[in-house]
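Printed here is final-v5.cif (mmCIF, C-alpha atoms and all ligand atoms):
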```
data_start
#
loop_
_atom_site.group_PDB
_atom_site.id
_atom_site.type_symbol
_atom_site.label_atom_id
_atom_site.label_comp_id
_atom_site.auth_asym_id
_atom_site.auth_seq_id
_atom_site.Cartn_x
_atom_site.Cartn_y
_atom_site.Cartn_z
ATOM 1 C CA MET K 1 -17.569 3.174 -21.425
ATOM 2 C CA ARG K 2 -20.682 5.136 -20.387
ATOM 3 C CA LEU K 3 -19.841 8.649 -19.230
ATOM 4 C CA ASP K 4 -21.584 8.249 -15.848
ATOM 5 C CA LYS K 5 -19.682 4.999 -15.174
ATOM 6 C CA LEU K 6 -16.391 6.707 -15.991
ATOM 7 C CA LEU K 7 -17.204 9.626 -13.666
ATOM 8 C CA VAL K 8 -17.974 7.176 -10.840
ATOM 9 C CA GLU K 9 -14.702 5.320 -11.497
ATOM 10 C CA LEU K 10 -12.831 8.618 -11.407
ATOM 11 C CA ASN K 11 -14.363 9.052 -7.944
ATOM 12 C CA ILE K 12 -16.123 12.282 -8.900
ATOM 13 C CA GLY K 13 -19.299 11.067 -7.211
ATOM 14 C CA THR K 14 -21.857 8.306 -6.933
ATOM 15 C CA ARG K 15 -23.968 7.356 -9.964
ATOM 16 C CA SER K 16 -26.780 9.706 -8.876
ATOM 17 C CA GLU K 17 -24.400 12.535 -7.925
ATOM 18 C CA VAL K 18 -22.602 12.454 -11.275
ATOM 19 C CA LYS K 19 -25.935 12.394 -13.132
ATOM 20 C CA ALA K 20 -26.956 15.539 -11.245
ATOM 21 C CA LEU K 21 -23.583 17.201 -12.001
ATOM 22 C CA LEU K 22 -23.998 16.376 -15.707
ATOM 23 C CA LYS K 23 -27.532 17.761 -15.716
ATOM 24 C CA LYS K 24 -26.289 21.023 -14.197
ATOM 25 C CA GLY K 25 -23.589 21.239 -16.890
ATOM 26 C CA LEU K 26 -20.798 21.183 -14.313
ATOM 27 C CA ILE K 27 -18.740 18.587 -16.144
ATOM 28 C CA LEU K 28 -16.744 19.156 -19.325
ATOM 29 C CA VAL K 29 -15.863 16.232 -21.536
ATOM 30 C CA ASP K 30 -12.909 17.084 -23.806
ATOM 31 C CA GLY K 31 -13.806 20.720 -23.179
ATOM 32 C CA GLU K 32 -17.531 20.376 -24.009
ATOM 33 C CA LYS K 33 -20.564 20.271 -21.760
ATOM 34 C CA ILE K 34 -22.305 16.922 -22.096
ATOM 35 C CA ASN K 35 -25.518 16.320 -20.186
ATOM 36 C CA LYS K 36 -26.384 12.747 -21.127
ATOM 37 C CA PRO K 37 -25.049 10.171 -18.645
ATOM 38 C CA GLU K 38 -25.359 7.372 -21.204
ATOM 39 C CA THR K 39 -22.993 9.054 -23.705
ATOM 40 C CA LYS K 40 -20.249 6.622 -24.742
ATOM 41 C CA VAL K 41 -16.720 7.914 -24.284
ATOM 42 C CA ASP K 42 -13.307 6.400 -24.926
ATOM 43 C CA GLU K 43 -11.965 6.134 -21.404
ATOM 44 C CA ASN K 44 -8.395 5.764 -22.700
ATOM 45 C CA THR K 45 -8.272 9.184 -24.317
ATOM 46 C CA VAL K 46 -11.025 11.358 -22.820
ATOM 47 C CA VAL K 47 -10.241 14.253 -20.456
ATOM 48 C CA VAL K 48 -12.977 15.194 -18.008
ATOM 49 C CA THR K 49 -12.896 18.579 -16.273
ATOM 50 C CA TYR K 50 -14.682 19.183 -12.980
ATOM 51 C CA GLN K 51 -14.212 22.141 -10.651
ATOM 52 C CA GLY K 52 -11.248 23.295 -12.746
ATOM 53 C CA ARG K 53 -9.408 19.982 -12.406
ATOM 54 C CA ASP K 54 -8.677 17.609 -15.277
ATOM 55 C CA TYR K 55 -9.246 13.902 -14.762
ATOM 56 C CA SER K 56 -8.117 11.107 -17.041
ATOM 57 C CA TYR K 57 -8.757 7.428 -16.650
ATOM 58 C CA LYS K 58 -5.994 5.077 -15.652
ATOM 59 C CA LYS K 59 -6.588 1.377 -15.627
ATOM 60 C CA PHE K 60 -4.410 0.988 -12.548
ATOM 61 C CA SER K 61 -3.145 3.390 -9.914
ATOM 62 C CA TYR K 62 -0.283 2.955 -7.473
ATOM 63 C CA TYR K 63 0.339 4.772 -4.206
ATOM 64 C CA VAL K 64 2.754 4.404 -1.335
ATOM 65 C CA MET K 65 1.854 5.153 2.236
ATOM 66 C CA ASN K 66 4.059 5.538 5.276
ATOM 67 C CA LYS K 67 1.672 3.661 7.537
ATOM 68 C CA PRO K 68 1.101 5.208 10.952
ATOM 69 C CA LYS K 69 0.663 3.159 14.124
ATOM 70 C CA GLY K 70 -2.800 2.304 15.391
ATOM 71 C CA VAL K 71 -4.513 1.390 12.119
ATOM 72 C CA ILE K 72 -5.095 -2.071 10.729
ATOM 73 C CA THR K 73 -4.078 -3.112 7.226
ATOM 74 C CA ALA K 74 -7.489 -3.792 5.714
ATOM 75 C CA THR K 75 -9.834 -2.078 3.298
ATOM 76 C CA GLU K 76 -12.671 -1.780 5.798
ATOM 77 C CA ASP K 77 -13.532 -2.903 9.288
ATOM 78 C CA ALA K 78 -16.609 -2.510 11.447
ATOM 79 C CA LYS K 79 -14.657 -1.592 14.589
ATOM 80 C CA GLU K 80 -11.104 -0.577 13.767
ATOM 81 C CA LYS K 81 -9.712 2.310 11.747
ATOM 82 C CA THR K 82 -8.052 0.960 8.604
ATOM 83 C CA VAL K 83 -5.164 2.148 6.435
ATOM 84 C CA MET K 84 -7.706 2.766 3.671
ATOM 85 C CA ASP K 85 -9.762 5.052 5.967
ATOM 86 C CA VAL K 86 -6.559 7.072 6.494
ATOM 87 C CA PHE K 87 -5.633 6.869 2.818
ATOM 88 C CA TYR K 88 -8.960 8.174 1.427
ATOM 89 C CA ARG K 89 -8.945 10.974 3.988
ATOM 90 C CA LEU K 90 -5.494 11.999 2.723
ATOM 91 C CA ILE K 91 -6.315 11.580 -0.990
ATOM 92 C CA PRO K 92 -10.108 11.783 -1.292
ATOM 93 C CA ASP K 93 -10.129 11.889 -5.083
ATOM 94 C CA ALA K 94 -8.036 8.725 -5.504
ATOM 95 C CA PRO K 95 -9.922 6.095 -7.523
ATOM 96 C CA LYS K 96 -12.183 3.666 -5.726
ATOM 97 C CA GLY K 97 -11.307 0.014 -5.235
ATOM 98 C CA LEU K 98 -7.723 0.463 -4.071
ATOM 99 C CA ALA K 99 -6.339 -1.983 -1.527
ATOM 100 C CA PRO K 100 -3.120 -2.458 0.443
ATOM 101 C CA VAL K 101 -0.647 -5.050 -0.862
ATOM 102 C CA GLY K 102 0.205 -7.356 2.018
ATOM 103 C CA ARG K 103 -0.178 -6.632 5.668
ATOM 104 C CA LEU K 104 1.616 -4.705 8.366
ATOM 105 C CA ASP K 105 0.606 -5.172 12.009
ATOM 106 C CA LYS K 106 -1.432 -2.484 13.733
ATOM 107 C CA ASP K 107 1.644 -1.272 15.637
ATOM 108 C CA THR K 108 4.006 -1.487 12.625
ATOM 109 C CA THR K 109 4.808 1.668 10.656
ATOM 110 C CA GLY K 110 6.375 2.201 7.252
ATOM 111 C CA LEU K 111 6.112 1.401 3.608
ATOM 112 C CA LEU K 112 2.831 0.088 2.267
ATOM 113 C CA LEU K 113 1.926 -0.228 -1.403
ATOM 114 C CA ILE K 114 -1.695 0.555 -2.281
ATOM 115 C CA THR K 115 -3.106 -0.304 -5.702
ATOM 116 C CA ASN K 116 -5.991 -1.710 -7.715
ATOM 117 C CA ASP K 117 -3.593 -3.787 -9.841
ATOM 118 C CA GLY K 118 -4.407 -7.286 -8.593
ATOM 119 C CA VAL K 119 -1.822 -9.018 -10.778
ATOM 120 C CA LEU K 120 1.026 -6.847 -9.505
ATOM 121 C CA ALA K 121 -0.214 -7.318 -5.916
ATOM 122 C CA HIS K 122 -0.296 -11.079 -6.401
ATOM 123 C CA ASN K 123 3.215 -11.092 -7.866
ATOM 124 C CA MET K 124 4.643 -8.927 -5.074
ATOM 125 C CA LEU K 125 3.172 -11.292 -2.466
ATOM 126 C CA SER K 126 3.790 -14.615 -4.184
ATOM 127 C CA PRO K 127 6.134 -16.772 -2.054
ATOM 128 C CA LYS K 128 7.699 -17.998 -5.309
ATOM 129 C CA ARG K 129 8.954 -14.525 -6.206
ATOM 130 C CA HIS K 130 10.864 -13.954 -2.941
ATOM 131 C CA VAL K 131 10.279 -10.192 -2.985
ATOM 132 C CA ASP K 132 12.580 -8.577 -0.403
ATOM 133 C CA LYS K 133 11.053 -6.776 2.581
ATOM 134 C CA THR K 134 13.357 -4.787 4.814
ATOM 135 C CA TYR K 135 12.425 -3.697 8.330
ATOM 136 C CA PHE K 136 14.095 -1.372 10.807
ATOM 137 C CA VAL K 137 13.725 -3.125 14.138
ATOM 138 C CA THR K 138 14.038 -1.725 17.645
ATOM 139 C CA LEU K 139 14.675 -4.491 20.172
ATOM 140 C CA ASP K 140 14.617 -4.893 23.935
ATOM 141 C CA GLY K 141 18.341 -5.668 23.984
ATOM 142 C CA GLU K 142 21.446 -6.416 21.964
ATOM 143 C CA LEU K 143 22.048 -9.223 19.470
ATOM 144 C CA SER K 144 24.907 -11.691 19.735
ATOM 145 C CA GLY K 145 26.870 -13.059 16.796
ATOM 146 C CA GLU K 146 25.010 -16.351 17.313
ATOM 147 C CA ASP K 147 21.629 -14.606 17.199
ATOM 148 C CA ILE K 148 22.538 -12.990 13.884
ATOM 149 C CA LYS K 149 23.781 -16.265 12.425
ATOM 150 C CA ALA K 150 20.559 -18.021 13.488
ATOM 151 C CA LEU K 151 18.336 -15.254 12.088
ATOM 152 C CA GLU K 152 20.252 -15.312 8.796
ATOM 153 C CA GLU K 153 20.279 -19.087 8.426
ATOM 154 C CA GLY K 154 16.684 -19.660 9.544
ATOM 155 C CA VAL K 155 14.918 -20.004 12.878
ATOM 156 C CA HIS K 156 11.936 -22.060 13.989
ATOM 157 C CA ILE K 157 8.851 -19.910 14.497
ATOM 158 C CA GLY K 158 6.363 -22.746 14.914
ATOM 159 C CA GLU K 159 5.622 -23.365 11.242
ATOM 160 C CA GLY K 160 7.339 -26.742 10.845
ATOM 161 C CA GLU K 161 9.965 -25.454 8.424
ATOM 162 C CA PRO K 162 12.515 -22.899 9.636
ATOM 163 C CA THR K 163 12.374 -19.425 8.127
ATOM 164 C CA ALA K 164 14.152 -18.938 4.800
ATOM 165 C CA PRO K 165 17.591 -17.278 4.771
ATOM 166 C CA ALA K 166 17.467 -13.608 5.737
ATOM 167 C CA SER K 167 20.042 -10.880 6.090
ATOM 168 C CA VAL K 168 20.665 -8.800 9.196
ATOM 169 C CA ASP K 169 22.482 -5.482 9.235
ATOM 170 C CA TYR K 170 23.580 -4.882 12.836
ATOM 171 C CA ASN K 171 26.077 -2.371 14.167
ATOM 172 C CA GLY K 172 25.560 -2.871 17.888
ATOM 173 C CA GLY K 173 22.930 -1.374 20.168
ATOM 174 C CA ASN K 174 19.225 -2.201 20.219
ATOM 175 C CA THR K 175 18.414 -1.656 16.536
ATOM 176 C CA CYS K 176 19.064 -3.444 13.271
ATOM 177 C CA HIS K 177 17.758 -3.853 9.736
ATOM 178 C CA ILE K 178 16.501 -7.257 8.664
ATOM 179 C CA THR K 179 15.630 -8.277 5.109
ATOM 180 C CA ILE K 180 13.320 -11.248 4.636
ATOM 181 C CA HIS K 181 11.886 -12.787 1.489
ATOM 182 C CA GLU K 182 8.782 -14.362 2.968
ATOM 183 C CA GLY K 183 5.695 -12.845 4.551
ATOM 184 C CA LYS K 184 4.470 -15.112 7.321
ATOM 185 C CA PHE K 185 2.115 -13.773 9.984
ATOM 186 C CA HIS K 186 4.074 -11.614 12.497
ATOM 187 C CA GLN K 187 7.202 -13.057 10.910
ATOM 188 C CA VAL K 188 9.771 -10.517 12.058
ATOM 189 C CA LYS K 189 8.473 -10.425 15.636
ATOM 190 C CA ARG K 190 8.435 -14.219 15.776
ATOM 191 C CA MET K 191 11.969 -14.480 14.337
ATOM 192 C CA PHE K 192 13.397 -12.221 17.028
ATOM 193 C CA PHE K 193 11.336 -13.995 19.672
ATOM 194 C CA ALA K 194 13.010 -17.236 18.515
ATOM 195 C CA VAL K 195 16.409 -15.785 19.518
ATOM 196 C CA GLY K 196 15.071 -14.468 22.815
ATOM 197 C CA ARG K 197 14.512 -10.829 21.857
ATOM 198 C CA GLN K 198 11.336 -8.782 21.839
ATOM 199 C CA VAL K 199 10.524 -6.346 19.043
ATOM 200 C CA MET K 200 9.659 -2.973 20.571
ATOM 201 C CA GLU K 201 9.180 -1.021 17.314
ATOM 202 C CA LEU K 202 8.922 -2.196 13.726
ATOM 203 C CA LYS K 203 9.088 -0.104 10.584
ATOM 204 C CA ARG K 204 9.165 -1.398 6.997
ATOM 205 C CA THR K 205 11.764 0.539 5.012
ATOM 206 C CA ALA K 206 11.700 -1.333 1.690
ATOM 207 C CA PHE K 207 9.358 -3.569 -0.288
ATOM 208 C CA GLY K 208 10.854 -4.959 -3.510
ATOM 209 C CA SER K 209 12.304 -2.038 -5.418
ATOM 210 C CA LEU K 210 10.281 0.496 -3.389
ATOM 211 C CA LYS K 211 12.253 2.308 -0.702
ATOM 212 C CA LEU K 212 10.832 4.445 2.089
ATOM 213 C CA ASP K 213 12.105 8.017 1.965
ATOM 214 C CA GLU K 214 10.830 9.545 5.201
ATOM 215 C CA GLU K 215 11.894 13.067 4.220
ATOM 216 C CA LYS K 216 9.569 12.948 1.224
ATOM 217 C CA LEU K 217 6.969 10.703 2.829
ATOM 218 C CA PRO K 218 6.642 11.311 6.580
ATOM 219 C CA CYS K 219 4.742 8.853 8.758
ATOM 220 C CA GLY K 220 1.004 9.069 8.084
ATOM 221 C CA GLN K 221 1.362 10.415 4.524
ATOM 222 C CA ALA K 222 0.637 8.848 1.120
ATOM 223 C CA LYS K 223 1.455 9.756 -2.463
ATOM 224 C CA GLU K 224 0.919 8.447 -5.976
ATOM 225 C CA ILE K 225 3.853 6.754 -7.711
ATOM 226 C CA ASP K 226 4.639 5.627 -11.222
ATOM 227 C CA ILE K 227 4.459 1.950 -12.116
ATOM 228 C CA THR K 228 7.990 2.068 -13.523
ATOM 229 C CA ASN K 229 9.218 2.315 -9.908
ATOM 230 C CA ILE K 230 7.782 -1.067 -8.953
ATOM 231 C CA SER K 231 9.077 -4.621 -9.210
HETATM 232 N N1 LIG Z 1 6.595 -8.915 10.592
HETATM 233 C C1 LIG Z 1 5.913 -8.631 11.723
HETATM 234 O O1 LIG Z 1 6.091 -9.277 12.740
HETATM 235 N N2 LIG Z 1 5.013 -7.635 11.688
HETATM 236 C C2 LIG Z 1 4.789 -6.865 10.591
HETATM 237 O O2 LIG Z 1 3.979 -5.946 10.632
HETATM 238 C C3 LIG Z 1 5.510 -7.166 9.428
HETATM 239 C C4 LIG Z 1 6.408 -8.197 9.451
#
```
Same coordinates, now as structure tokens:
Amino acid sequence: MRLDKLLVELNIGTRSEVKALLKKGLILVDGEKINKPETKVDENTVVVTYQGRDYSYKKFSYYVMNKPKGVITATEDAKEKTVMDVFYRLIPDAPKGLAPVGRLDKDTTGLLLITNDGVLAHNMLSPKRHVDKTYFVTLDGELSGEDIKALEEGVHIGEGEPTAPASVDYNGGNTCHITIHEGKFHQVKRMFFAVGRQVMELKRTAFGSLKLDEEKLPCGQAKEIDITNIS
């Protein structure tokens, strides 16, 4: 790969910015100053140093965010603040081209996977793979045994077919955990609506093998994770 292309992919700057940095000798490539943007480098092995920090190329990167309320799950939007606006403000040197996997509503908080690995994203979202999603739900009232049975067996949310089997963890009061294997639009809110309850707060606590640990990842924060954690 051309050196200037690699530097852009590493999010060190735009094409013209990285050319200027190279010209000024501010970038080390495997410890050596290289000024020519067109120099070919092996992106799989090269280490680039800029402002005392080492950068190496990764084909794919994976991050988790504890999504705050008030931002939409999109990469960009003309009017609304997006999760990616928040994300790049938190981690400005993360590689470009990252996107959220799946969607949480504007008022939903919790676990969001962010990556540039399109195949993994597709697999995590594919209805055929039934990837579990668990939500902590705050309701406007209590659930009856019948409500729980209906939610677990499948309820009609206006899609023709009832929802697929789910599991509900309820110990009384106005909160519960629900695990679903599908990802229909507003699915959790619509499922509770179908049993006469309104969702007041919604937080995703797990997505596949990823679990939200709010002590390590408070609401509004993001961090890089290793691919071995994901399935
Ligand atoms: N179900 C919903 O209703 N909203 C979400 O954000 C996620 C699942």
Surrounding residues of segment 149-160 of chain K excluding itself and chain neighbours under 4 positions, 12 Å, all atoms listed in the file, as a VMD selection string
chain K and resid 143 to 145 164 to 170 176 to 182 184 to 197
Pick from K:Gly31, K:Gly13, K:Gly70, K:Gly141, whichever lies nearest to ligand LIG 1 (chain Z) using all atoms listed in the file:
K:Gly70
Using only the atoms of ligand LIG 1 (chain Z) listed in the file, plus 4 Å on each side, state the axis-aligned box centre and edge lengths in Å rounded to one decimal, as lines of an AutoDock Vina configuration file.
```
center_x = 5.3
center_y = -7.6
center_z = 11.1
size_x = 10.6
size_y = 11.3
size_z = 11.3
```
What's the separation between atom CA of Gly183 of chain K and atom CA of Ala121 of chain K, in Å to one decimal place?
13.2 Å
Compile the contact shell of Phe207 of chain K as a PyMOL selection string: residues with an atom at most 10 Å away, counting all atoms listed in the file, same-chain residues fewer than 6 positions apart removed.
chain K and resi 110-113+124+131-135+179-181+230-231
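The shortest atom-to-atom distance to ligand LIG 1 (chain Z), with only C-alpha atoms and all ligand atoms taken into account, belongs to K:Thr73 out of K:Asn116, K:Thr73, K:Ser209, K:Ser126.
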On this structure, the PyMOL selection byres (((chain K and resi 115) around 7) and not hetatm) would catch which residues? List them as a ChimeraX atom specification, sorted by chain and number.
/K:61-63,98-100,113-114,116-117
May I ask which of the residues K:Val41, K:Ile34, K:Val199, K:Leu26 is the closest one to ligand LIG 1 (chain Z), counting all atoms listed in the file?
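Closest to ligand LIG 1 (chain Z), using all atoms listed in the file: K:Val199.
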Please expand the PyMOL selection byres (((chain K and resi 214) around 12) and not hetatm) into the concrete residues it hits in this file, giving the result as a PDB file with C-alpha atoms, in the frame of the given file.
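Wrote expr32.pdb, looks like this:
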```pdb
ATOM      1  CA  VAL K  64       2.754   4.404  -1.335  1.00  0.00           C
ATOM      2  CA  MET K  65       1.854   5.153   2.236  1.00  0.00           C
ATOM      3  CA  ASN K  66       4.059   5.538   5.276  1.00  0.00           C
ATOM      4  CA  LYS K  67       1.672   3.661   7.537  1.00  0.00           C
ATOM      5  CA  THR K 109       4.808   1.668  10.656  1.00  0.00           C
ATOM      6  CA  GLY K 110       6.375   2.201   7.252  1.00  0.00           C
ATOM      7  CA  LEU K 111       6.112   1.401   3.608  1.00  0.00           C
ATOM      8  CA  LYS K 203       9.088  -0.104  10.584  1.00  0.00           C
ATOM      9  CA  ARG K 204       9.165  -1.398   6.997  1.00  0.00           C
ATOM     10  CA  THR K 205      11.764   0.539   5.012  1.00  0.00           C
ATOM     11  CA  ALA K 206      11.700  -1.333   1.690  1.00  0.00           C
ATOM     12  CA  LYS K 211      12.253   2.308  -0.702  1.00  0.00           C
ATOM     13  CA  LEU K 212      10.832   4.445   2.089  1.00  0.00           C
ATOM     14  CA  ASP K 213      12.105   8.017   1.965  1.00  0.00           C
ATOM     15  CA  GLU K 215      11.894  13.067   4.220  1.00  0.00           C
ATOM     16  CA  LYS K 216       9.569  12.948   1.224  1.00  0.00           C
ATOM     17  CA  LEU K 217       6.969  10.703   2.829  1.00  0.00           C
ATOM     18  CA  PRO K 218       6.642  11.311   6.580  1.00  0.00           C
ATOM     19  CA  CYS K 219       4.742   8.853   8.758  1.00  0.00           C
ATOM     20  CA  GLY K 220       1.004   9.069   8.084  1.00  0.00           C
ATOM     21  CA  GLN K 221       1.362  10.415   4.524  1.00  0.00           C
ATOM     22  CA  ALA K 222       0.637   8.848   1.120  1.00  0.00           C
TER      23      ALA K 222
END
```
For atom CA of Thr49 of chain K and atom CA of Met84 of chain K, quote the distance in Å rounded to one decimal.
26.0 Å
What's around Glu201 of chain K at 8 Å? Count all atoms listed in the file, leave out sequence neighbours fewer than 4 positions away in its own chain, and write the answer as a PDB file with C-alpha atoms, keeping the file's coordinate frame.
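Below is the file that was written, around34.pdb:
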```pdb
ATOM      1  CA  ASP K 107       1.644  -1.272  15.637  1.00  0.00           C
ATOM      2  CA  THR K 108       4.006  -1.487  12.625  1.00  0.00           C
ATOM      3  CA  VAL K 137      13.725  -3.125  14.138  1.00  0.00           C
ATOM      4  CA  THR K 138      14.038  -1.725  17.645  1.00  0.00           C
ATOM      5  CA  LEU K 139      14.675  -4.491  20.172  1.00  0.00           C
TER       6      LEU K 139
END
```
Can you work out which one of K:Leu125, K:Glu161, K:Asp105, K:Asp93 has the shortest atom-to-atom distance to ligand LIG 1 (chain Z), counting all atoms listed in the file?
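Going through K:Leu125, K:Glu161, K:Asp105, K:Asp93 one by one, the smallest distance to ligand LIG 1 (chain Z) is for K:Asp105.
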Once all heavy atoms are restored for segment 86-95 of chain K, what would the output be as a PDB file, in the coordinates of the input?
```
ATOM      1  N   VAL K  86      -7.565   5.990   6.440  1.00  0.00           N
ATOM      2  CA  VAL K  86      -6.559   7.072   6.494  1.00  0.00           C
ATOM      3  C   VAL K  86      -6.241   7.533   5.074  1.00  0.00           C
ATOM      4  O   VAL K  86      -6.198   8.729   4.781  1.00  0.00           O
ATOM      5  CB  VAL K  86      -5.267   6.567   7.200  1.00  0.00           C
ATOM      6  CG1 VAL K  86      -4.182   7.627   7.172  1.00  0.00           C
ATOM      7  CG2 VAL K  86      -5.564   6.144   8.626  1.00  0.00           C
ATOM      8  N   PHE K  87      -6.052   6.559   4.185  1.00  0.00           N
ATOM      9  CA  PHE K  87      -5.633   6.869   2.818  1.00  0.00           C
ATOM     10  C   PHE K  87      -6.662   7.771   2.112  1.00  0.00           C
ATOM     11  O   PHE K  87      -6.297   8.798   1.524  1.00  0.00           O
ATOM     12  CB  PHE K  87      -5.450   5.558   2.023  1.00  0.00           C
ATOM     13  CG  PHE K  87      -5.136   5.799   0.590  1.00  0.00           C
ATOM     14  CD1 PHE K  87      -3.831   6.084   0.201  1.00  0.00           C
ATOM     15  CD2 PHE K  87      -6.131   5.770  -0.377  1.00  0.00           C
ATOM     16  CE1 PHE K  87      -3.539   6.344  -1.133  1.00  0.00           C
ATOM     17  CE2 PHE K  87      -5.838   6.023  -1.704  1.00  0.00           C
ATOM     18  CZ  PHE K  87      -4.544   6.314  -2.079  1.00  0.00           C
ATOM     19  N   TYR K  88      -7.950   7.379   2.157  1.00  0.00           N
ATOM     20  CA  TYR K  88      -8.960   8.174   1.427  1.00  0.00           C
ATOM     21  C   TYR K  88      -9.210   9.533   2.085  1.00  0.00           C
ATOM     22  O   TYR K  88      -9.685  10.448   1.429  1.00  0.00           O
ATOM     23  CB  TYR K  88     -10.262   7.383   1.242  1.00  0.00           C
ATOM     24  CG  TYR K  88     -10.175   6.393   0.092  1.00  0.00           C
ATOM     25  CD1 TYR K  88     -10.194   5.027   0.309  1.00  0.00           C
ATOM     26  CD2 TYR K  88     -10.060   6.836  -1.227  1.00  0.00           C
ATOM     27  CE1 TYR K  88     -10.097   4.118  -0.748  1.00  0.00           C
ATOM     28  CE2 TYR K  88      -9.968   5.947  -2.286  1.00  0.00           C
ATOM     29  CZ  TYR K  88      -9.985   4.599  -2.048  1.00  0.00           C
ATOM     30  OH  TYR K  88      -9.894   3.712  -3.104  1.00  0.00           O
ATOM     31  N   ARG K  89      -8.860   9.657   3.361  1.00  0.00           N
ATOM     32  CA  ARG K  89      -8.945  10.974   3.988  1.00  0.00           C
ATOM     33  C   ARG K  89      -7.802  11.857   3.470  1.00  0.00           C
ATOM     34  O   ARG K  89      -7.961  13.044   3.263  1.00  0.00           O
ATOM     35  CB  ARG K  89      -8.878  10.838   5.518  1.00  0.00           C
ATOM     36  CG  ARG K  89      -9.650  11.942   6.213  1.00  0.00           C
ATOM     37  CD  ARG K  89     -10.029  11.584   7.632  1.00  0.00           C
ATOM     38  NE  ARG K  89     -10.891  10.426   7.718  1.00  0.00           N
ATOM     39  CZ  ARG K  89     -10.849   9.538   8.700  1.00  0.00           C
ATOM     40  NH1 ARG K  89      -9.980   9.663   9.684  1.00  0.00           N
ATOM     41  NH2 ARG K  89     -11.680   8.520   8.720  1.00  0.00           N
ATOM     42  N   LEU K  90      -6.645  11.241   3.232  1.00  0.00           N
ATOM     43  CA  LEU K  90      -5.494  11.999   2.723  1.00  0.00           C
ATOM     44  C   LEU K  90      -5.677  12.361   1.243  1.00  0.00           C
ATOM     45  O   LEU K  90      -5.312  13.447   0.808  1.00  0.00           O
ATOM     46  CB  LEU K  90      -4.212  11.164   2.841  1.00  0.00           C
ATOM     47  CG  LEU K  90      -3.666  10.887   4.243  1.00  0.00           C
ATOM     48  CD1 LEU K  90      -2.621   9.777   4.193  1.00  0.00           C
ATOM     49  CD2 LEU K  90      -3.044  12.153   4.810  1.00  0.00           C
ATOM     50  N   ILE K  91      -6.194  11.388   0.469  1.00  0.00           N
ATOM     51  CA  ILE K  91      -6.315  11.580  -0.990  1.00  0.00           C
ATOM     52  C   ILE K  91      -7.750  11.234  -1.390  1.00  0.00           C
ATOM     53  O   ILE K  91      -8.011  10.151  -1.937  1.00  0.00           O
ATOM     54  CB  ILE K  91      -5.284  10.701  -1.755  1.00  0.00           C
ATOM     55  CG1 ILE K  91      -3.882  10.897  -1.157  1.00  0.00           C
ATOM     56  CG2 ILE K  91      -5.299  11.022  -3.250  1.00  0.00           C
ATOM     57  CD1 ILE K  91      -2.769  10.123  -1.832  1.00  0.00           C
ATOM     58  N   PRO K  92      -8.698  12.137  -1.102  1.00  0.00           N
ATOM     59  CA  PRO K  92     -10.108  11.783  -1.292  1.00  0.00           C
ATOM     60  C   PRO K  92     -10.475  11.522  -2.746  1.00  0.00           C
ATOM     61  O   PRO K  92     -11.417  10.775  -3.019  1.00  0.00           O
ATOM     62  CB  PRO K  92     -10.874  13.004  -0.765  1.00  0.00           C
ATOM     63  CG  PRO K  92      -9.881  13.961  -0.231  1.00  0.00           C
ATOM     64  CD  PRO K  92      -8.505  13.460  -0.513  1.00  0.00           C
ATOM     65  N   ASP K  93      -9.740  12.127  -3.690  1.00  0.00           N
ATOM     66  CA  ASP K  93     -10.129  11.889  -5.083  1.00  0.00           C
ATOM     67  C   ASP K  93      -9.352  10.742  -5.731  1.00  0.00           C
ATOM     68  O   ASP K  93      -9.401  10.569  -6.940  1.00  0.00           O
ATOM     69  CB  ASP K  93     -10.050  13.185  -5.905  1.00  0.00           C
ATOM     70  CG  ASP K  93      -8.706  13.866  -5.771  1.00  0.00           C
ATOM     71  OD1 ASP K  93      -7.775  13.220  -5.264  1.00  0.00           O
ATOM     72  OD2 ASP K  93      -8.584  15.038  -6.178  1.00  0.00           O
ATOM     73  N   ALA K  94      -8.663   9.941  -4.944  1.00  0.00           N
ATOM     74  CA  ALA K  94      -8.036   8.725  -5.504  1.00  0.00           C
ATOM     75  C   ALA K  94      -9.146   7.802  -5.992  1.00  0.00           C
ATOM     76  O   ALA K  94     -10.254   7.826  -5.452  1.00  0.00           O
ATOM     77  CB  ALA K  94      -7.213   8.028  -4.430  1.00  0.00           C
ATOM     78  N   PRO K  95      -8.864   6.977  -7.025  1.00  0.00           N
ATOM     79  CA  PRO K  95      -9.922   6.095  -7.523  1.00  0.00           C
ATOM     80  C   PRO K  95     -10.401   5.110  -6.461  1.00  0.00           C
ATOM     81  O   PRO K  95      -9.670   4.798  -5.528  1.00  0.00           O
ATOM     82  CB  PRO K  95      -9.265   5.349  -8.686  1.00  0.00           C
ATOM     83  CG  PRO K  95      -7.826   5.644  -8.629  1.00  0.00           C
ATOM     84  CD  PRO K  95      -7.603   6.827  -7.752  1.00  0.00           C
TER      85      PRO K  95
END
```
